[in-house]
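Here's start.tsv, which has TSV, C-alpha atoms:
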```tsv
chain	number	residue	atom	x	y	z
F	934	MET	CA	24.55	-5.50	109.23
F	935	ASP	CA	27.46	-5.10	106.83
F	936	ASN	CA	28.76	-1.85	105.38
F	937	SER	CA	27.68	-0.81	101.89
F	938	TYR	CA	29.22	-2.76	99.02
F	939	SER	CA	31.00	-5.37	101.13
F	940	TYR	CA	29.31	-8.60	99.98
F	941	PHE	CA	27.25	-6.73	97.39
F	942	SER	CA	30.46	-6.12	95.44
F	943	PHE	CA	30.86	-9.81	94.63
F	944	VAL	CA	27.49	-10.00	92.88
F	945	TYR	CA	27.10	-6.37	91.86
F	946	ASP	CA	27.80	-6.88	88.15
F	947	LYS	CA	25.45	-9.87	88.01
F	948	LEU	CA	22.56	-8.00	89.59
F	949	MET	CA	23.23	-4.79	87.65
F	950	ASP	CA	23.43	-6.48	84.25
F	951	ASN	CA	20.39	-4.47	83.13
F	952	ILE	CA	22.29	-1.18	83.30
F	953	PRO	CA	23.16	0.08	79.77
F	954	TYR	CA	26.84	0.70	80.50
F	955	ASP	CA	27.77	0.90	76.82
F	956	SER	CA	25.38	3.75	76.04
F	957	TRP	CA	26.17	5.40	79.39
F	958	GLY	CA	29.87	5.30	78.61
F	959	GLU	CA	29.24	6.78	75.18
F	960	TYR	CA	27.18	9.53	76.78
F	961	ILE	CA	30.00	10.49	79.17
F	962	LYS	CA	32.53	10.31	76.33
F	963	GLU	CA	30.33	12.62	74.23
F	964	LEU	CA	30.05	15.14	77.06
F	965	LEU	CA	33.83	15.08	77.53
F	966	ASN	CA	34.39	15.60	73.81
F	967	GLU	CA	31.91	18.47	73.73
F	968	ASN	CA	33.97	20.12	76.45
F	969	GLY	CA	37.20	19.75	74.49
F	970	ILE	CA	38.47	16.58	76.17
F	971	ALA	CA	39.27	13.71	73.79
F	972	ASN	CA	42.27	12.23	75.63
F	973	GLY	CA	44.42	12.68	78.71
F	974	ILE	CA	43.87	11.73	82.35
F	975	VAL	CA	40.35	11.40	83.71
F	976	ALA	CA	39.63	10.53	87.36
F	977	GLU	CA	36.44	8.72	88.30
F	978	LEU	CA	35.11	9.07	91.84
F	979	GLY	CA	33.12	6.07	93.03
F	980	CYS	CA	34.28	3.90	90.14
F	981	GLY	CA	32.90	0.70	91.69
F	982	THR	CA	33.74	-2.38	89.62
F	983	GLY	CA	35.15	-0.24	86.83
F	984	GLN	CA	32.41	-0.63	84.23
F	985	ILE	CA	32.55	2.97	83.02
F	986	THR	CA	36.27	3.26	83.83
F	987	GLU	CA	37.04	0.47	81.36
F	988	ARG	CA	34.84	1.91	78.65
F	989	LEU	CA	36.56	5.28	78.82
F	990	TYR	CA	39.93	3.51	78.89
F	991	LYS	CA	38.97	1.75	75.66
F	992	ALA	CA	38.04	5.16	74.25
F	993	GLY	CA	41.64	6.31	74.75
F	994	PHE	CA	41.58	8.03	78.14
F	995	ASP	CA	44.10	7.37	80.91
F	996	MET	CA	41.86	6.52	83.82
F	997	ILE	CA	42.24	6.83	87.58
F	998	GLY	CA	39.47	4.88	89.31
F	999	ILE	CA	38.81	5.90	92.92
F	1000	ASP	CA	36.55	4.02	95.33
F	1001	ASN	CA	36.47	3.48	99.08
F	1002	SER	CA	35.37	-0.16	98.82
F	1003	PRO	CA	38.35	-2.56	98.66
F	1004	GLU	CA	35.98	-5.32	97.57
F	1005	MET	CA	34.65	-3.33	94.60
F	1006	LEU	CA	38.19	-2.43	93.56
F	1007	ASP	CA	39.23	-6.10	93.75
F	1008	VAL	CA	36.55	-6.86	91.18
F	1009	ALA	CA	37.61	-3.87	89.07
F	1010	ARG	CA	41.25	-4.98	89.05
F	1011	GLU	CA	40.30	-8.54	88.12
F	1012	ARG	CA	38.18	-7.23	85.26
F	1013	PHE	CA	41.03	-5.07	84.00
F	1014	ALA	CA	43.51	-7.95	84.24
F	1015	GLU	CA	41.19	-10.06	82.08
F	1016	LEU	CA	40.87	-7.20	79.62
F	1017	GLN	CA	44.65	-6.86	79.41
F	1018	SER	CA	44.99	-10.59	78.79
F	1019	MET	CA	42.56	-10.30	75.90
F	1020	GLU	CA	44.53	-7.35	74.52
F	1021	ASP	CA	47.74	-9.36	74.82
F	1022	ALA	CA	46.20	-12.16	72.80
F	1023	ASP	CA	45.06	-9.70	70.13
F	1024	ILE	CA	48.53	-8.18	69.94
F	1025	GLU	CA	50.19	-11.59	69.63
F	1026	CYS	CA	47.88	-12.48	66.75
F	1027	VAL	CA	48.73	-9.25	64.98
F	1028	ASN	CA	52.46	-9.80	65.47
F	1029	GLU	CA	52.24	-13.29	64.03
F	1030	ASP	CA	50.50	-11.98	60.93
F	1031	ASP	CA	52.76	-9.02	60.27
F	1032	THR	CA	56.14	-8.24	61.80
F	1033	ASP	CA	55.55	-4.57	61.09
F	1034	ALA	CA	52.07	-4.60	62.63
F	1035	ASP	CA	53.21	-2.62	65.65
F	1036	LYS	CA	54.25	0.29	63.51
F	1037	ASP	CA	51.10	0.17	61.46
F	1038	THR	CA	48.66	-0.03	64.34
F	1039	GLY	CA	50.46	1.71	67.18
F	1040	LEU	CA	50.01	-1.38	69.34
F	1041	GLU	CA	53.61	-1.32	70.48
F	1042	GLY	CA	52.47	1.04	73.20
F	1043	SER	CA	50.00	-1.45	74.70
F	1044	VAL	CA	49.24	-0.96	78.34
F	1045	ASN	CA	50.27	-4.46	79.40
F	1046	ARG	CA	53.99	-3.93	78.96
F	1047	ALA	CA	56.20	-3.91	82.04
F	1048	GLY	CA	56.38	-0.46	83.55
F	1049	ALA	CA	53.21	0.76	81.84
F	1050	ASP	CA	52.35	3.01	84.74
F	1051	LYS	CA	55.68	4.76	84.41
F	1052	ASP	CA	55.33	5.20	80.68
F	1053	ALA	CA	51.85	6.61	81.06
F	1054	GLY	CA	52.89	9.04	83.74
F	1055	LEU	CA	50.38	7.62	86.19
F	1056	GLU	CA	52.89	6.44	88.77
F	1057	GLY	CA	52.63	9.78	90.50
F	1058	ALA	CA	48.92	9.47	91.12
F	1059	VAL	CA	49.14	6.98	93.98
F	1060	ASN	CA	48.11	7.91	97.45
F	1061	LYS	CA	51.12	8.30	99.73
F	1062	GLU	CA	50.76	6.24	102.91
F	1063	ASP	CA	51.94	9.05	105.14
F	1064	ALA	CA	49.91	11.78	103.43
F	1065	ASP	CA	48.12	14.02	105.90
F	1066	LYS	CA	44.38	13.83	105.38
F	1067	ASP	CA	43.89	17.24	106.95
F	1068	THR	CA	46.00	19.08	104.39
F	1069	GLY	CA	43.62	21.94	103.73
F	1070	LEU	CA	43.38	21.04	100.09
F	1071	GLU	CA	40.24	23.07	99.72
F	1072	ASP	CA	42.42	26.17	99.40
F	1073	THR	CA	43.20	27.33	95.89
F	1074	VAL	CA	46.27	25.72	94.41
F	1075	ASN	CA	47.61	28.62	92.40
F	1076	LYS	CA	48.57	30.97	95.22
F	1077	GLU	CA	52.16	32.12	94.91
F	1078	GLY	CA	54.21	31.15	97.90
F	1079	ALA	CA	51.75	28.48	99.04
F	1080	ASP	CA	52.92	26.69	102.15
F	1081	LYS	CA	54.80	23.57	101.17
F	1082	ASP	CA	53.52	21.81	104.26
F	1083	THR	CA	49.89	22.05	103.15
F	1084	GLY	CA	50.35	19.37	100.52
F	1085	LEU	CA	49.04	21.69	97.84
F	1086	GLU	CA	52.20	21.41	95.79
F	1087	GLY	CA	51.04	17.93	94.80
F	1088	ALA	CA	47.87	19.21	93.20
F	1089	VAL	CA	49.46	20.97	90.26
F	1090	ASN	CA	50.79	19.75	86.97
F	1091	ARG	CA	54.55	19.66	86.92
F	1092	ALA	CA	56.14	22.15	84.54
F	1093	GLY	CA	56.71	20.32	81.30
F	1094	ALA	CA	54.25	17.57	82.20
F	1095	LYS	CA	52.78	17.73	78.73
F	1096	GLU	CA	56.16	16.93	77.25
F	1097	ASP	CA	57.14	14.33	79.83
F	1098	THR	CA	53.96	12.26	79.96
F	1099	GLY	CA	52.03	13.08	76.84
F	1100	LEU	CA	48.86	12.84	78.96
F	1101	ASN	CA	47.84	16.36	79.89
F	1102	ASN	CA	46.32	18.64	77.29
F	1103	ALA	CA	48.36	17.10	74.52
F	1104	ASP	CA	47.03	15.34	71.46
F	1105	ASP	CA	48.34	11.80	71.86
F	1106	SER	CA	46.51	10.30	68.94
F	1107	ASP	CA	49.78	9.85	67.03
F	1108	SER	CA	52.06	9.24	69.99
F	1109	GLY	CA	51.83	5.45	69.88
F	1110	LYS	CA	51.03	5.37	73.61
F	1111	SER	CA	47.96	3.54	74.80
F	1112	SER	CA	45.82	4.42	77.78
F	1113	SER	CA	45.93	2.80	81.19
F	1114	ILE	CA	43.95	2.43	84.41
F	1115	LEU	CA	45.16	3.08	87.95
F	1116	TYR	CA	42.81	2.06	90.75
F	1117	LEU	CA	43.05	3.78	94.15
F	1118	CYS	CA	41.23	2.91	97.36
F	1119	GLN	CA	40.29	6.33	98.71
F	1120	ASP	CA	37.31	8.14	100.18
F	1121	MET	CA	36.07	10.77	97.71
F	1122	ARG	CA	35.87	13.26	100.58
F	1123	GLU	CA	39.63	12.97	101.08
F	1124	PHE	CA	41.00	11.79	97.75
F	1125	GLU	CA	44.52	12.80	96.80
F	1126	LEU	CA	46.26	12.92	93.43
F	1127	TYR	CA	49.83	13.83	92.61
F	1128	GLY	CA	48.92	16.07	89.70
F	1129	THR	CA	45.95	17.69	88.04
F	1130	VAL	CA	43.69	15.89	85.58
F	1131	ARG	CA	41.74	17.00	82.55
F	1132	ALA	CA	38.41	15.84	83.92
F	1133	VAL	CA	36.75	14.26	86.94
F	1134	ILE	CA	33.60	12.19	86.61
F	1135	SER	CA	31.29	10.56	89.15
F	1136	ILE	CA	28.25	8.65	87.95
F	1137	CYS	CA	25.58	6.26	89.19
F	1138	ASP	CA	24.45	8.63	91.99
F	1139	CYS	CA	27.68	8.30	93.99
F	1140	VAL	CA	27.36	11.83	95.35
F	1141	ASN	CA	24.04	10.88	96.97
F	1142	TYR	CA	26.02	8.73	99.40
F	1143	LEU	CA	27.41	11.95	100.87
F	1144	ILE	CA	24.50	12.67	103.20
F	1145	GLU	CA	26.09	15.75	104.78
F	1146	LYS	CA	26.27	18.90	102.68
F	1147	SER	CA	29.65	19.69	104.23
F	1148	ASP	CA	31.04	16.40	102.86
F	1149	LEU	CA	29.72	17.12	99.38
F	1150	LEU	CA	31.19	20.63	99.52
F	1151	LYS	CA	34.55	19.23	100.60
F	1152	THR	CA	34.49	16.80	97.69
F	1153	PHE	CA	33.62	19.55	95.20
F	1154	LYS	CA	36.51	21.66	96.53
F	1155	LEU	CA	38.92	18.79	96.04
F	1156	VAL	CA	37.64	18.31	92.50
F	1157	ASN	CA	38.27	21.98	91.72
F	1158	ASN	CA	41.70	21.65	93.29
F	1159	TYR	CA	42.76	18.70	91.15
F	1160	LEU	CA	41.32	19.79	87.82
F	1161	ASP	CA	43.46	21.36	85.12
F	1162	PRO	CA	42.72	25.02	84.44
F	1163	GLU	CA	39.16	25.08	83.09
F	1164	GLY	CA	38.99	21.30	83.50
F	1165	THR	CA	35.61	19.56	83.42
F	1166	PHE	CA	33.63	17.90	86.21
F	1167	ILE	CA	30.75	15.61	85.17
F	1168	PHE	CA	28.56	13.89	87.73
F	1169	ASP	CA	24.99	12.81	88.30
F	1170	PHE	CA	22.67	12.53	91.28
F	1171	HIS	CA	19.25	11.19	92.17
F	1172	THR	CA	16.53	13.69	92.97
F	1173	GLU	CA	13.87	13.69	95.68
F	1174	HIS	CA	11.34	12.76	92.99
F	1175	TYR	CA	13.23	9.50	92.49
F	1176	TYR	CA	13.36	8.57	96.16
F	1177	LYS	CA	9.86	9.79	97.03
F	1178	GLU	CA	7.86	8.88	93.95
F	1179	THR	CA	9.74	6.40	91.77
F	1180	VAL	CA	11.05	3.99	94.40
F	1181	GLY	CA	9.21	5.35	97.43
F	1182	GLU	CA	8.45	2.68	100.03
F	1183	LYS	CA	8.67	-0.13	97.51
F	1184	THR	CA	10.17	-3.56	98.04
F	1185	ILE	CA	11.94	-5.19	95.11
F	1186	ALA	CA	12.92	-8.85	95.06
F	1187	GLU	CA	14.61	-11.04	92.46
F	1188	THR	CA	15.67	-14.68	92.43
F	1189	ARG	CA	18.44	-16.12	90.31
F	1190	ASP	CA	20.27	-19.44	90.33
F	1191	ASP	CA	23.34	-18.22	92.19
F	1192	VAL	CA	22.05	-15.13	94.01
F	1193	SER	CA	18.78	-13.66	95.22
F	1194	PHE	CA	18.06	-10.32	96.83
F	1195	ILE	CA	15.40	-8.32	98.64
F	1196	TRP	CA	15.63	-4.54	98.25
F	1197	GLU	CA	13.54	-2.44	100.66
F	1198	ASN	CA	13.35	1.36	100.42
F	1199	GLU	CA	12.48	3.72	103.24
F	1200	TYR	CA	12.47	7.45	102.53
F	1201	ASN	CA	12.40	10.14	105.21
F	1202	SER	CA	10.96	13.28	103.57
F	1203	GLU	CA	11.89	15.52	106.47
F	1204	LYS	CA	15.56	14.54	106.50
F	1205	LYS	CA	15.62	13.72	102.77
F	1206	ILE	CA	17.41	10.46	103.61
F	1207	ASN	CA	16.71	7.21	101.79
F	1208	ASN	CA	17.57	4.00	103.62
F	1209	LEU	CA	17.95	1.02	101.36
F	1210	TYR	CA	17.92	-2.29	103.21
F	1211	LEU	CA	19.52	-4.94	101.03
F	1212	THR	CA	19.34	-8.64	101.86
F	1213	LEU	CA	21.48	-10.93	99.73
F	1214	PHE	CA	21.37	-14.71	99.46
F	1215	ILE	CA	24.58	-15.79	97.77
F	1216	LYS	CA	25.02	-19.39	96.66
F	1217	LEU	CA	28.01	-21.18	98.13
F	1218	GLU	CA	30.31	-22.85	95.65
F	1219	ASP	CA	30.10	-26.35	97.11
F	1220	GLU	CA	26.91	-28.39	96.93
F	1221	GLU	CA	26.17	-30.79	99.73
F	1222	ASP	CA	24.28	-34.02	100.16
F	1223	PRO	CA	20.68	-33.42	101.32
F	1224	GLU	CA	21.08	-35.92	104.16
F	1225	ASP	CA	24.04	-33.96	105.57
F	1226	VAL	CA	22.19	-30.67	105.29
F	1227	ALA	CA	19.06	-32.13	106.88
F	1228	ASP	CA	20.95	-32.96	110.06
F	1229	VAL	CA	21.99	-29.34	110.50
F	1230	LYS	CA	19.20	-27.33	108.90
F	1231	GLU	CA	16.26	-29.49	110.04
F	1232	ILE	CA	14.84	-30.03	106.58
F	1233	ASN	CA	13.21	-33.05	105.02
F	1234	ALA	CA	15.89	-34.58	102.84
F	1235	SER	CA	13.32	-36.57	100.84
F	1236	ASP	CA	11.99	-33.33	99.40
F	1237	TYR	CA	15.16	-33.01	97.37
F	1238	LYS	CA	14.86	-36.45	95.76
F	1239	ASP	CA	18.53	-37.28	96.26
F	1240	GLU	CA	19.65	-34.21	94.30
F	1241	PRO	CA	22.63	-32.14	95.46
F	1242	CYS	CA	21.55	-29.44	97.89
F	1243	ALA	CA	22.65	-25.86	97.26
F	1244	LEU	CA	23.40	-23.68	100.26
F	1245	TYR	CA	22.92	-19.92	100.23
F	1246	GLU	CA	24.60	-17.53	102.64
F	1247	ARG	CA	22.62	-14.52	103.83
F	1248	HIS	CA	24.13	-11.03	104.07
F	1249	ASP	CA	22.41	-7.78	105.06
F	1250	GLU	CA	23.61	-4.33	104.04
F	1251	LEU	CA	22.35	-0.81	104.62
F	1252	HIS	CA	22.79	1.85	101.95
F	1253	CYS	CA	22.02	5.45	102.94
F	1254	GLN	CA	21.61	8.22	100.39
F	1255	ARG	CA	20.47	11.82	100.52
F	1256	ALA	CA	18.21	13.52	98.01
F	1257	TYR	CA	19.53	16.79	96.62
F	1258	SER	CA	17.83	19.43	94.52
F	1259	LEU	CA	19.51	21.04	91.53
F	1260	GLU	CA	19.43	24.36	93.38
F	1261	GLU	CA	21.36	22.86	96.30
F	1262	ILE	CA	23.90	21.35	93.92
F	1263	LYS	CA	24.39	24.69	92.13
F	1264	GLU	CA	24.98	26.46	95.45
F	1265	LEU	CA	27.58	23.91	96.52
F	1266	ILE	CA	29.30	24.08	93.13
F	1267	SER	CA	29.61	27.85	93.43
F	1268	GLU	CA	30.77	27.69	97.04
F	1269	ALA	CA	33.45	25.17	96.06
F	1270	GLY	CA	34.87	27.58	93.50
F	1271	LEU	CA	33.61	25.67	90.47
F	1272	VAL	CA	31.48	27.14	87.69
F	1273	PHE	CA	28.14	25.56	86.84
F	1274	VAL	CA	27.86	24.90	83.10
F	1275	LYS	CA	24.83	22.75	82.33
F	1276	ALA	CA	22.36	20.22	83.73
F	1277	TYR	CA	20.56	17.49	81.78
F	1278	ASP	CA	17.67	15.17	82.50
F	1279	GLY	CA	19.15	11.71	83.09
F	1280	THR	CA	21.49	10.59	80.33
F	1281	SER	CA	19.93	12.80	77.69
F	1282	LYS	CA	20.38	16.34	76.42
F	1283	ASN	CA	16.90	17.31	77.56
F	1284	GLU	CA	16.15	20.02	80.07
F	1285	VAL	CA	15.67	19.11	83.71
F	1286	THR	CA	12.05	18.89	84.89
F	1287	GLU	CA	10.37	18.50	88.28
F	1288	LYS	CA	9.92	14.81	87.41
F	1289	SER	CA	13.57	14.16	86.63
F	1290	ASP	CA	14.80	11.11	88.56
F	1291	ARG	CA	18.46	11.58	87.71
F	1292	ILE	CA	20.26	14.78	86.76
F	1293	THR	CA	23.61	14.94	85.03
F	1294	VAL	CA	25.63	18.07	85.83
F	1295	ILE	CA	28.59	19.64	84.06
F	1296	ALA	CA	30.80	22.06	85.98
F	1297	ARG	CA	34.14	23.69	85.21
F	1298	GLU	CA	37.28	24.48	87.19
F	1299	LYS	CA	37.85	28.05	88.24
F	1300	GLY	CA	40.83	29.70	89.92
F	1301	LYS	CA	43.87	28.33	88.10
F	1302	SER	CA	45.66	29.20	84.89
F	1303	TRP	CA	48.57	27.52	83.13
F	1304	ASP	CA	50.71	30.63	83.67
F	1305	ASP	CA	49.94	30.59	87.39
F	1306	MET	CA	50.80	26.91	87.62
F	1307	GLU	CA	54.13	27.39	85.87
F	1308	LYS	CA	54.96	30.25	88.23
F	1309	TYR	CA	53.98	28.10	91.19
F	1310	MET	CA	56.15	25.19	90.07
F	1311	ALA	CA	59.07	27.54	89.56
F	1312	LEU	CA	59.07	28.09	93.33
F	1313	TYR	CA	60.12	24.45	93.84
F	1314	GLU	CA	62.71	24.15	91.10
```
Represent the structure of the file as structure tokens.
Amino acid sequence: MDNSYSYFSFVYDKLMDNIPYDSWGEYIKELLNENGIANGIVAELGCGTGQITERLYKAGFDMIGIDNSPEMLDVARERFAELQSMEDADIECVNEDDTDADKDTGLEGSVNRAGADKDAGLEGAVNKEDADKDTGLEDTVNKEGADKDTGLEGAVNRAGAKEDTGLNNADDSDSGKSSSILYLCQDMREFELYGTVRAVISICDCVNYLIEKSDLLKTFKLVNNYLDPEGTFIFDFHTEHYYKETVGEKTIAETRDDVSFIWENEYNSEKKINNLYLTLFIKLEDEEDPEDVADVKEINASDYKDEPCALYERHDELHCQRAYSLEEIKELISEAGLVFVKAYDGTSKNEVTEKSDRITVIAREKGKSWDDMEKYMALYE
């Protein structure tokens, strides 16, 4: 049985085409705006194929997409490359119509130019190959005299970052710079960034994949570590009501021309673990003659009436998730040093109920200040 999101990644967008990504992206954007974040760098944990990442990028945010599935990130990068090509075409059309169009529209700062990462200030967000995973990043970043060997010096905004990059806590609406996306293959339990970010988001029940409370706590501590002072953390999670009542022990199956799947749920109430057994049948690109297939697969070629025979390859994956209660989440948020702000039912502004399937949570960074960060950076000047 394959690991989660190995082969699933190649057909994920096709099978998840019923998800309202546009409205979901608008919802996250609205929550960010309500918390004073209309631009700057936003990191997304568990970004998958980049559906929400791209939508926030289009809204003007500089995005860092983090996922531990290389296959999902391959799809995300391909999607972004196609998006950039479309933007290039739009820019070329504008330039042909008006030689001064760049000045009028601000498109001269488009993200597809050579060296865009450098211009956006995102080049420092890559994961260093030799970085020590056991850096103790859960410690607070603003302690004066912090040990340089802990790796904590990389979790603060450089003095003058606002002036140098135009990305952190600065209003870039008139800067002429466009947003960008940087994708990183990292485990959310051990993710590393070079500097702090204005917000961290994690949607589509990614945190439920952390089935150990200690792993979720570690992730929350890292989020607090990498957020700007009073930065915002927005994430959602599935509740026990969802696993136990909504999906329960159900089996879901769907057949399409190029892919079919069988989705079997098995929930353990005692351990609060949901095992999702996913069987995929993915159509191979090449069609074969029925006579050739009959020799190997022992089928009756006449049943196909001389039509090309499509072959499907089977893949099995196991997805394990843990159900959390809002009370457990609040406790972990507090223990991580974050401040709980608000919880909503699903993607609404309604109060959480005992029948909520998905809960969206807003938390805030605690423990750093801009003055503390400037003092800290002065130690390394």
query: Quick one: distance from CA of Gln1119 (chain F) to CA of Arg1131 (chain F) in Å, one decimal?
result: 19.4 Å
- prompt: Got a sec: who's within 7 Å of Phe1166 (chain F), counting only C-alpha atoms, leaving out chain neighbours fewer than 5 positions off, as a PyMOL selection string?
  reply: chain F and resi 1132-1134+1295-1297
task: Choose the residue, out of F:Ile1144, F:Gly1128, F:Lys1151, F:Ser1267, that has the smallest atom-to-atom separation from Met1310 (chain F); count all atoms listed in the file.
output: F:Gly1128
- request: Give me the residues within 9 Å of region 1200-1215 of chain F as a VMD selection string, counting all atoms listed in the file and dropping any in the same chain fewer than 4 places off.
  value: chain F and resid 940 to 941 944 1144 1173 1176 to 1177 1180 to 1182 1191 to 1196 1244 to 1257
Would you mind listing what lies within 12 Å of Val1285 (chain F) as a PDB file with C-alpha atoms, in the coordinates of the input, with all atoms listed in the file counted and same-chain residues fewer than 4 positions away left out?
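Final output, part12.pdb:
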```pdb
ATOM      1  CA  THR F1172      16.530  13.690  92.970  1.00  0.00           C
ATOM      2  CA  SER F1258      17.830  19.430  94.520  1.00  0.00           C
ATOM      3  CA  LEU F1259      19.510  21.040  91.530  1.00  0.00           C
ATOM      4  CA  GLU F1260      19.430  24.360  93.380  1.00  0.00           C
ATOM      5  CA  LYS F1275      24.830  22.750  82.330  1.00  0.00           C
ATOM      6  CA  ALA F1276      22.360  20.220  83.730  1.00  0.00           C
ATOM      7  CA  TYR F1277      20.560  17.490  81.780  1.00  0.00           C
ATOM      8  CA  ASP F1278      17.670  15.170  82.500  1.00  0.00           C
ATOM      9  CA  GLY F1279      19.150  11.710  83.090  1.00  0.00           C
ATOM     10  CA  THR F1280      21.490  10.590  80.330  1.00  0.00           C
ATOM     11  CA  SER F1281      19.930  12.800  77.690  1.00  0.00           C
ATOM     12  CA  SER F1289      13.570  14.160  86.630  1.00  0.00           C
ATOM     13  CA  ASP F1290      14.800  11.110  88.560  1.00  0.00           C
ATOM     14  CA  ARG F1291      18.460  11.580  87.710  1.00  0.00           C
ATOM     15  CA  ILE F1292      20.260  14.780  86.760  1.00  0.00           C
ATOM     16  CA  THR F1293      23.610  14.940  85.030  1.00  0.00           C
ATOM     17  CA  VAL F1294      25.630  18.070  85.830  1.00  0.00           C
TER      18      VAL F1294
END
```
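The interatomic distance for the pair CA of Glu977 (chain F) and CA of Tyr1116 (chain F) works out to 9.5 Å.
Taking CA of Ser1113 (chain F) and CA of Met949 (chain F) as the two end points, the separation is 24.8 Å.
Ranking F:Cys1118, F:Ala1014, F:Cys1139, F:Ala1269 by their shortest atom-to-atom distance to Asn1158 (chain F), with all atoms listed in the file included, puts F:Ala1269 first.
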query: Which residue gives the smallest distance to Val1130 (chain F) among F:Glu1218, F:Asp1000, F:Glu1298, F:Asp1169, with all atoms listed in the file counted?
result: F:Glu1298
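For the choices F:Leu1160, F:Leu1143, F:Leu1149, F:Ile1262, the atom-to-atom distance to Val975 (chain F) is smallest for F:Leu1160 when using all atoms listed in the file.
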- request: Point out the residue among F:Pro1003, F:Thr1188, F:Glu1125, F:Glu1163 with the least atom-to-atom distance to Lys947 (chain F), counting all atoms listed in the file.
  value: F:Thr1188
query: When distances are computed from all atoms listed in the file, which of F:Tyr1159, F:Phe1273, F:Phe1153, F:Phe994 shows the smallest separation from Leu965 (chain F)?
result: F:Phe994
